[in-house]
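Asker: Can you keep this structure in mind? I'll have questions shortly.
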Amino acid sequence: MLNFYFASICVSDMALAMDFYVNQIGFKIQSDGGFPGIVQLENSSITLIMLLVDKPTNIDYPKQAQTVFAFRVDDILTTHNELMQKNVELVYDKPLVLPEGLLQAFRDPFGNVHEIIQWPLETGKLEYPLLGDIQINVVDIEESIDFYSAKLGFNVEKRYSDDMVQLAQKNFLFLLNRVEKTTDIDYPNEAQSLIGMKTDNLARSISYFKTSGIHVIYDKPQEFPEGIYTAIKDLSGNVLEIYEIQR
């Protein structure tokens, strides 16, 4: 069984990313000891990092498969106006009214698109945006349910429609959402949103992925400061990183 480890915003200029996400979006830096390669933002639901990559992206939101982070705010209309005043590129002229709340989306300087949401029953003042949703946009919902549920072990908790499914996860909403086309983002060189998951035994996981017909990007485990990792790709081209902590 895989468990969530972190959420990563891949950026091609860390100094610019820090300025954008702190001064324009409103996050706080938790740790910048790994600058310029990695910087951690404050977030209570999951570890949230910015990771330096080689080049920006040009994702076709909301039509193309991608991993989308949705940040929860307590007053989306105020947030919308503040982002406009700071010249943040907003996707929609005004927040969209959805059954589950209000939604806006913005593009960062590297081409990443994130959503901001206000849930109907949200109360209290948030000190900074909170990662409240991780949504994986996929081309085929049923095939993706088989991939994420039957193969990766995330149970289906709720079906909102034929186009959206919620997978079981405690600390935030974990969703599959149907879109029109696959993605071909150049991992690991191109800006994108990524999720990292933990396994107790990476070698066994890699073997399982292969026998299950899952596209494994690294046959041999790659090293990082706390252990080893690989990456896999779903049927729509989305990449997930899988880590084994050894230190």
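Starting from 1 in every chain, residues are counted up; chains themselves are A, B, ... following the order of the structure tokens, and ligands are numbered from 1 as listed.
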Write out as a PDB file with N, CA and C atoms, in the first residue's frame which residues come within 10 Å of Gln40 (chain A) when counting only C-alpha atoms, dropping same-chain ones fewer than 6 positions away.

Answerer:
ATOM      1  N   SER A   8       4.691  18.387  -4.772  1.00  0.00           N
ATOM      2  CA  SER A   8       5.814  19.157  -5.286  1.00  0.00           C
ATOM      3  C   SER A   8       5.381  20.047  -6.445  1.00  0.00           C
ATOM      4  N   MET A  18       9.970  31.711  -5.201  1.00  0.00           N
ATOM      5  CA  MET A  18       9.803  32.161  -3.816  1.00  0.00           C
ATOM      6  C   MET A  18       9.091  33.505  -3.774  1.00  0.00           C
ATOM      7  N   LYS A  28       3.941  30.993   3.255  1.00  0.00           N
ATOM      8  CA  LYS A  28       5.086  31.261   4.095  1.00  0.00           C
ATOM      9  C   LYS A  28       6.133  30.171   3.858  1.00  0.00           C
ATOM     10  N   ILE A  29       7.390  30.555   3.941  1.00  0.00           N
ATOM     11  CA  ILE A  29       8.481  29.603   3.785  1.00  0.00           C
ATOM     12  C   ILE A  29       8.670  28.851   5.103  1.00  0.00           C
ATOM     13  N   GLN A  30       8.655  27.530   5.037  1.00  0.00           N
ATOM     14  CA  GLN A  30       8.955  26.727   6.227  1.00  0.00           C
ATOM     15  C   GLN A  30      10.444  26.427   6.318  1.00  0.00           C
ATOM     16  N   SER A  31      11.054  26.139   5.168  1.00  0.00           N
ATOM     17  CA  SER A  31      12.490  25.864   5.159  1.00  0.00           C
ATOM     18  C   SER A  31      13.066  26.195   3.788  1.00  0.00           C
ATOM     19  N   ASP A  32      14.173  26.959   3.780  1.00  0.00           N
ATOM     20  CA  ASP A  32      14.861  27.242   2.521  1.00  0.00           C
ATOM     21  C   ASP A  32      16.309  26.772   2.575  1.00  0.00           C
ATOM     22  N   GLY A  33      16.569  25.803   3.461  1.00  0.00           N
ATOM     23  CA  GLY A  33      17.930  25.297   3.620  1.00  0.00           C
ATOM     24  C   GLY A  33      18.447  24.566   2.398  1.00  0.00           C
ATOM     25  N   GLY A  34      17.538  24.110   1.531  1.00  0.00           N
ATOM     26  CA  GLY A  34      17.952  23.411   0.324  1.00  0.00           C
ATOM     27  C   GLY A  34      18.005  24.297  -0.901  1.00  0.00           C
ATOM     28  N   THR A  47       3.175  17.673   3.245  1.00  0.00           N
ATOM     29  CA  THR A  47       4.402  18.416   2.993  1.00  0.00           C
ATOM     30  C   THR A  47       4.365  18.989   1.577  1.00  0.00           C
ATOM     31  N   LEU A  48       4.593  20.287   1.468  1.00  0.00           N
ATOM     32  CA  LEU A  48       4.499  20.988   0.194  1.00  0.00           C
ATOM     33  C   LEU A  48       5.848  21.616  -0.119  1.00  0.00           C
ATOM     34  N   ILE A  49       6.440  21.225  -1.255  1.00  0.00           N
ATOM     35  CA  ILE A  49       7.758  21.732  -1.610  1.00  0.00           C
ATOM     36  C   ILE A  49       7.733  22.358  -3.001  1.00  0.00           C
ATOM     37  N   MET A  50       8.717  23.199  -3.249  1.00  0.00           N
ATOM     38  CA  MET A  50       9.024  23.670  -4.598  1.00  0.00           C
ATOM     39  C   MET A  50      10.346  23.039  -4.993  1.00  0.00           C
ATOM     40  N   LEU A  51      10.411  22.491  -6.202  1.00  0.00           N
ATOM     41  CA  LEU A  51      11.574  21.758  -6.672  1.00  0.00           C
ATOM     42  C   LEU A  51      12.078  22.376  -7.967  1.00  0.00           C
TER      43      LEU A  51
END

Asker: Taking 5 positions as the minimum chain separation for residues in the same chain, which residues sit within 10 Å of Leu52 (chain A) when counting only C-alpha atoms? Answer as a list in words.

Answerer: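 Residues meeting the cut-off are Ser8, Ile9, Cys10, Val11, Ser12, Asp13, Met14, Ala15, Ala17, Phe35, Pro36, Gly37, Ile38, Val39, Pro188, Asn189, Glu190 and Ala191 of chain A.
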
Asker: Save the residues we just selected, N, CA and C atoms, as a compact mmCIF listing (two decimals), in the first residue's frame?

Answerer:
# COMPACT_ATOMS: atom_id res chain seq x y z
N SER A 8 4.69 18.39 -4.77
CA SER A 8 5.81 19.16 -5.29
C SER A 8 5.38 20.05 -6.45
N ILE A 9 5.72 21.33 -6.35
CA ILE A 9 5.55 22.27 -7.46
C ILE A 9 6.91 22.44 -8.11
N CYS A 10 7.05 21.96 -9.34
CA CYS A 10 8.34 22.03 -10.03
C CYS A 10 8.44 23.37 -10.77
N VAL A 11 9.52 24.08 -10.53
CA VAL A 11 9.70 25.43 -11.05
C VAL A 11 11.08 25.55 -11.70
N SER A 12 11.23 26.47 -12.64
CA SER A 12 12.51 26.60 -13.35
C SER A 12 13.37 27.77 -12.87
N ASP A 13 12.90 28.50 -11.85
CA ASP A 13 13.68 29.60 -11.26
C ASP A 13 13.24 29.71 -9.81
N MET A 14 14.08 29.25 -8.88
CA MET A 14 13.64 29.16 -7.48
C MET A 14 13.48 30.54 -6.84
N ALA A 15 14.35 31.48 -7.14
CA ALA A 15 14.22 32.82 -6.56
C ALA A 15 12.92 33.47 -7.01
N ALA A 17 10.27 31.81 -7.99
CA ALA A 17 9.19 31.03 -7.39
C ALA A 17 8.93 31.47 -5.96
N PHE A 35 17.85 25.62 -0.72
CA PHE A 35 17.87 26.56 -1.84
C PHE A 35 19.21 26.44 -2.58
N PRO A 36 19.23 26.47 -3.91
CA PRO A 36 18.10 26.73 -4.80
C PRO A 36 17.38 25.49 -5.30
N GLY A 37 17.81 24.30 -4.85
CA GLY A 37 17.22 23.09 -5.39
C GLY A 37 15.84 22.77 -4.87
N ILE A 38 15.61 23.05 -3.57
CA ILE A 38 14.34 22.70 -2.95
C ILE A 38 14.02 23.69 -1.84
N VAL A 39 12.75 24.10 -1.76
CA VAL A 39 12.26 25.00 -0.71
C VAL A 39 10.93 24.46 -0.25
N PRO A 188 11.93 14.36 -15.93
CA PRO A 188 11.78 15.27 -14.80
C PRO A 188 12.27 16.68 -15.09
N ASN A 189 12.35 17.05 -16.35
CA ASN A 189 12.98 18.32 -16.71
C ASN A 189 12.03 19.51 -16.74
N GLU A 190 10.75 19.25 -16.93
CA GLU A 190 9.78 20.32 -17.19
C GLU A 190 8.95 20.64 -15.96
N ALA A 191 8.58 21.91 -15.79
CA ALA A 191 7.72 22.32 -14.68
C ALA A 191 6.41 21.56 -14.70

Asker: When distances are computed from only C-alpha atoms, which of A:Thr79, A:Asn87, A:Thr67, A:Asn137 shows the smallest separation from Gly26 (chain A)?

Answerer: A:Thr79

Asker: How far is it from CA of Pro109 (chain A) to CA of Gln24 (chain A), in Å with one decimal?

Answerer: 11.3 Å

Asker: Would you mind telling me which residue in A:Lys55, A:Tyr21, A:Met84, A:Asp108 lies nearest to Glu42 (chain A) when using only C-alpha atoms?

Answerer: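 Going through A:Lys55, A:Tyr21, A:Met84, A:Asp108 one by one, the smallest distance to Glu42 (chain A) is for A:Tyr21.
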
Asker: For CA of Asn58 (chain A) and CA of Arg107 (chain A), quote the distance in Å rounded to one decimal.

Answerer: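 Here the two named atoms are 9.9 Å from each other.
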
Asker: List every residue of region 58-229 of chain A that DSSP, applied to the backbone of this structure, assigns to strand (DSSP E), and report them as number ranges by chain.

Answerer: A: 66-72, 89-90, 96-98, 101-107, 113-118, 130-138, 156-161, 164-167, 173-178, 193-198, 215-216, 222-224, 227-229

Asker: Neighbouring residues of Leu202 (chain A) were defined as those with any atom within 8 Å, considering only C-alpha atoms; residues of the same chain fewer than 5 positions away were excluded. Please report them as a PyMOL selection string.

Answerer: chain A and resi 221+228-230+242-244

Asker: Using backbone DSSP assignments, extract all alpha helix (DSSP H) residues from region 27-176 of chain A; output them as a ChimeraX atom specification.

Answerer: /A:76-85,141-145

Asker: Go ahead and write the selection's residues with N, CA and C atoms as a short mmCIF file (atom, residue, chain, number, x, y, z; two decimals), in the first residue's frame.

Answerer:
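Writing the result to again.cif gives the following:
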data_model
loop_
_atom_site.label_atom_id
_atom_site.label_comp_id
_atom_site.auth_asym_id
_atom_site.auth_seq_id
_atom_site.Cartn_x
_atom_site.Cartn_y
_atom_site.Cartn_z
N ILE A 76 -12.94 33.65 -1.46
CA ILE A 76 -12.39 33.56 -2.80
C ILE A 76 -12.56 34.86 -3.59
N LEU A 77 -13.61 35.63 -3.31
CA LEU A 77 -13.80 36.89 -4.02
C LEU A 77 -12.72 37.89 -3.65
N THR A 78 -12.39 37.95 -2.36
CA THR A 78 -11.30 38.82 -1.93
C THR A 78 -9.98 38.35 -2.52
N THR A 79 -9.76 37.03 -2.50
CA THR A 79 -8.53 36.47 -3.07
C THR A 79 -8.43 36.77 -4.56
N HIS A 80 -9.54 36.63 -5.27
CA HIS A 80 -9.59 36.94 -6.70
C HIS A 80 -9.16 38.38 -6.96
N ASN A 81 -9.70 39.31 -6.20
CA ASN A 81 -9.38 40.73 -6.38
C ASN A 81 -7.92 41.02 -6.03
N GLU A 82 -7.43 40.39 -4.96
CA GLU A 82 -6.04 40.60 -4.56
C GLU A 82 -5.07 40.08 -5.62
N LEU A 83 -5.38 38.93 -6.20
CA LEU A 83 -4.51 38.36 -7.22
C LEU A 83 -4.52 39.22 -8.49
N MET A 84 -5.68 39.76 -8.82
CA MET A 84 -5.77 40.67 -9.96
C MET A 84 -4.89 41.89 -9.74
N GLN A 85 -4.94 42.46 -8.54
CA GLN A 85 -4.15 43.64 -8.24
C GLN A 85 -2.65 43.36 -8.29
N ILE A 141 -11.92 7.69 -17.06
CA ILE A 141 -12.18 7.53 -15.63
C ILE A 141 -12.13 6.07 -15.21
N GLU A 142 -12.79 5.18 -15.95
CA GLU A 142 -12.85 3.78 -15.53
C GLU A 142 -11.47 3.12 -15.56
N GLU A 143 -10.69 3.37 -16.60
CA GLU A 143 -9.33 2.83 -16.65
C GLU A 143 -8.48 3.41 -15.51
N SER A 144 -8.72 4.66 -15.18
CA SER A 144 -7.94 5.31 -14.12
C SER A 144 -8.35 4.80 -12.75
N ILE A 145 -9.62 4.47 -12.57
CA ILE A 145 -10.04 3.83 -11.31
C ILE A 145 -9.32 2.50 -11.15
#

Asker: Would you compute the distance between CA of Glu89 (chain A) and CA of Ile117 (chain A)? Give it in Å to one decimal.

Answerer: 16.1 Å

Asker: Can you tell me, as a VMD selection string, what residues are no more than 12 Å from region 175-180 of chain A when counting only C-alpha atoms, ignoring any on the same chain fewer than 6 positions away?

Answerer: chain A and resid 60 to 70 132 to 149 154 to 169 234 236 238

Asker: Those residues you just picked out, can you put them in a file as a PDB file, in the first residue's frame with C-alpha atoms?

Answerer:
ATOM      1  CA  ASP A  60      -3.417  23.147 -21.737  1.00  0.00           C
ATOM      2  CA  TYR A  61      -5.570  23.645 -18.636  1.00  0.00           C
ATOM      3  CA  PRO A  62      -8.305  22.446 -18.141  1.00  0.00           C
ATOM      4  CA  LYS A  63      -8.312  20.145 -21.179  1.00  0.00           C
ATOM      5  CA  GLN A  64      -5.051  18.254 -20.713  1.00  0.00           C
ATOM      6  CA  ALA A  65      -4.149  15.521 -18.247  1.00  0.00           C
ATOM      7  CA  GLN A  66      -2.121  16.853 -15.324  1.00  0.00           C
ATOM      8  CA  THR A  67      -1.911  16.834 -11.550  1.00  0.00           C
ATOM      9  CA  VAL A  68      -3.695  19.908 -10.181  1.00  0.00           C
ATOM     10  CA  PHE A  69      -3.281  21.319  -6.676  1.00  0.00           C
ATOM     11  CA  ALA A  70      -6.290  23.210  -5.314  1.00  0.00           C
ATOM     12  CA  GLY A 132      -7.064  21.153   0.230  1.00  0.00           C
ATOM     13  CA  ASP A 133      -7.389  19.172  -3.008  1.00  0.00           C
ATOM     14  CA  ILE A 134      -5.115  17.025  -5.147  1.00  0.00           C
ATOM     15  CA  GLN A 135      -6.797  16.312  -8.453  1.00  0.00           C
ATOM     16  CA  ILE A 136      -5.400  14.065 -11.154  1.00  0.00           C
ATOM     17  CA  ASN A 137      -6.868  14.858 -14.547  1.00  0.00           C
ATOM     18  CA  VAL A 138      -7.223  11.728 -16.667  1.00  0.00           C
ATOM     19  CA  VAL A 139      -8.666  10.831 -20.057  1.00  0.00           C
ATOM     20  CA  ASP A 140     -10.549   7.664 -19.075  1.00  0.00           C
ATOM     21  CA  ILE A 141     -12.178   7.527 -15.628  1.00  0.00           C
ATOM     22  CA  GLU A 142     -12.845   3.777 -15.529  1.00  0.00           C
ATOM     23  CA  GLU A 143      -9.329   2.834 -16.646  1.00  0.00           C
ATOM     24  CA  SER A 144      -7.944   5.315 -14.124  1.00  0.00           C
ATOM     25  CA  ILE A 145     -10.039   3.831 -11.314  1.00  0.00           C
ATOM     26  CA  ASP A 146      -8.488   0.475 -12.163  1.00  0.00           C
ATOM     27  CA  PHE A 147      -5.010   2.061 -12.107  1.00  0.00           C
ATOM     28  CA  TYR A 148      -5.333   4.064  -8.883  1.00  0.00           C
ATOM     29  CA  SER A 149      -7.680   1.760  -6.983  1.00  0.00           C
ATOM     30  CA  PHE A 154      -6.641   3.809  -3.218  1.00  0.00           C
ATOM     31  CA  ASN A 155     -10.271   2.876  -2.605  1.00  0.00           C
ATOM     32  CA  VAL A 156     -13.093   4.745  -4.320  1.00  0.00           C
ATOM     33  CA  GLU A 157     -14.891   6.785  -1.656  1.00  0.00           C
ATOM     34  CA  LYS A 158     -17.446   8.697  -3.718  1.00  0.00           C
ATOM     35  CA  ARG A 159     -18.610   9.141  -7.306  1.00  0.00           C
ATOM     36  CA  TYR A 160     -19.672  12.724  -7.978  1.00  0.00           C
ATOM     37  CA  SER A 161     -20.484  12.037 -11.630  1.00  0.00           C
ATOM     38  CA  ASP A 162     -19.278  10.027 -14.605  1.00  0.00           C
ATOM     39  CA  ASP A 163     -16.437  12.564 -14.854  1.00  0.00           C
ATOM     40  CA  MET A 164     -15.248  12.838 -11.232  1.00  0.00           C
ATOM     41  CA  VAL A 165     -14.411  10.279  -8.556  1.00  0.00           C
ATOM     42  CA  GLN A 166     -13.085  10.768  -5.026  1.00  0.00           C
ATOM     43  CA  LEU A 167     -10.461   8.335  -3.739  1.00  0.00           C
ATOM     44  CA  ALA A 168     -10.087   7.622  -0.029  1.00  0.00           C
ATOM     45  CA  GLN A 169      -7.569   9.879   1.699  1.00  0.00           C
ATOM     46  CA  ASP A 234      -0.434   6.500 -15.448  1.00  0.00           C
ATOM     47  CA  SER A 236      -2.902   9.585 -19.276  1.00  0.00           C
ATOM     48  CA  ASN A 238       0.717  11.753 -15.342  1.00  0.00           C
TER      49      ASN A 238
END

Asker: Counting only C-alpha atoms, which residue out of A:Leu130, A:Glu223, A:Thr211, A:Thr183 sits closest to Leu235 (chain A)?

Answerer: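 For Leu235 (chain A), the nearest of the given residues is A:Thr183.
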
Asker: With distances taken over only C-alpha atoms, which of A:Lys220, A:Arg247, A:Lys198, A:Lys233 is nearest to Asp184 (chain A)?

Answerer: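 Ranking A:Lys220, A:Arg247, A:Lys198, A:Lys233 by distance to Asp184 (chain A), first place goes to A:Lys233.
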
Asker: Out of A:Ile46, A:Leu194, A:Ile217, A:Val97, which residue has the shortest atom-to-atom distance to Leu173 (chain A) when counting only C-alpha atoms?

Answerer: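 Using only C-alpha atoms, the shortest distance to Leu173 (chain A) belongs to A:Ile46.
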
Asker: Show which residues sit within 8 Å of Leu2 (chain A), as a ChimeraX atom specification. Count only C-alpha atoms, and ignore same-chain residues fewer than 3 positions away.

Answerer: /A:152-153,197-199

Asker: I'd like the contact shell of Pro129 (chain A) - 7 Å cut-off, only C-alpha atoms, skipping same-chain residues fewer than 4 positions apart - returned as a ChimeraX atom specification.

Answerer: /A:26-27,71-73

Asker: Compare A:Ile116, A:Leu240, A:Ile195, A:Asp93 by their minimum atom-to-atom distance to Val216 (chain A), counting only C-alpha atoms, and give me the closest one.

Answerer: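 For Val216 (chain A), the nearest of the given residues is A:Leu240.
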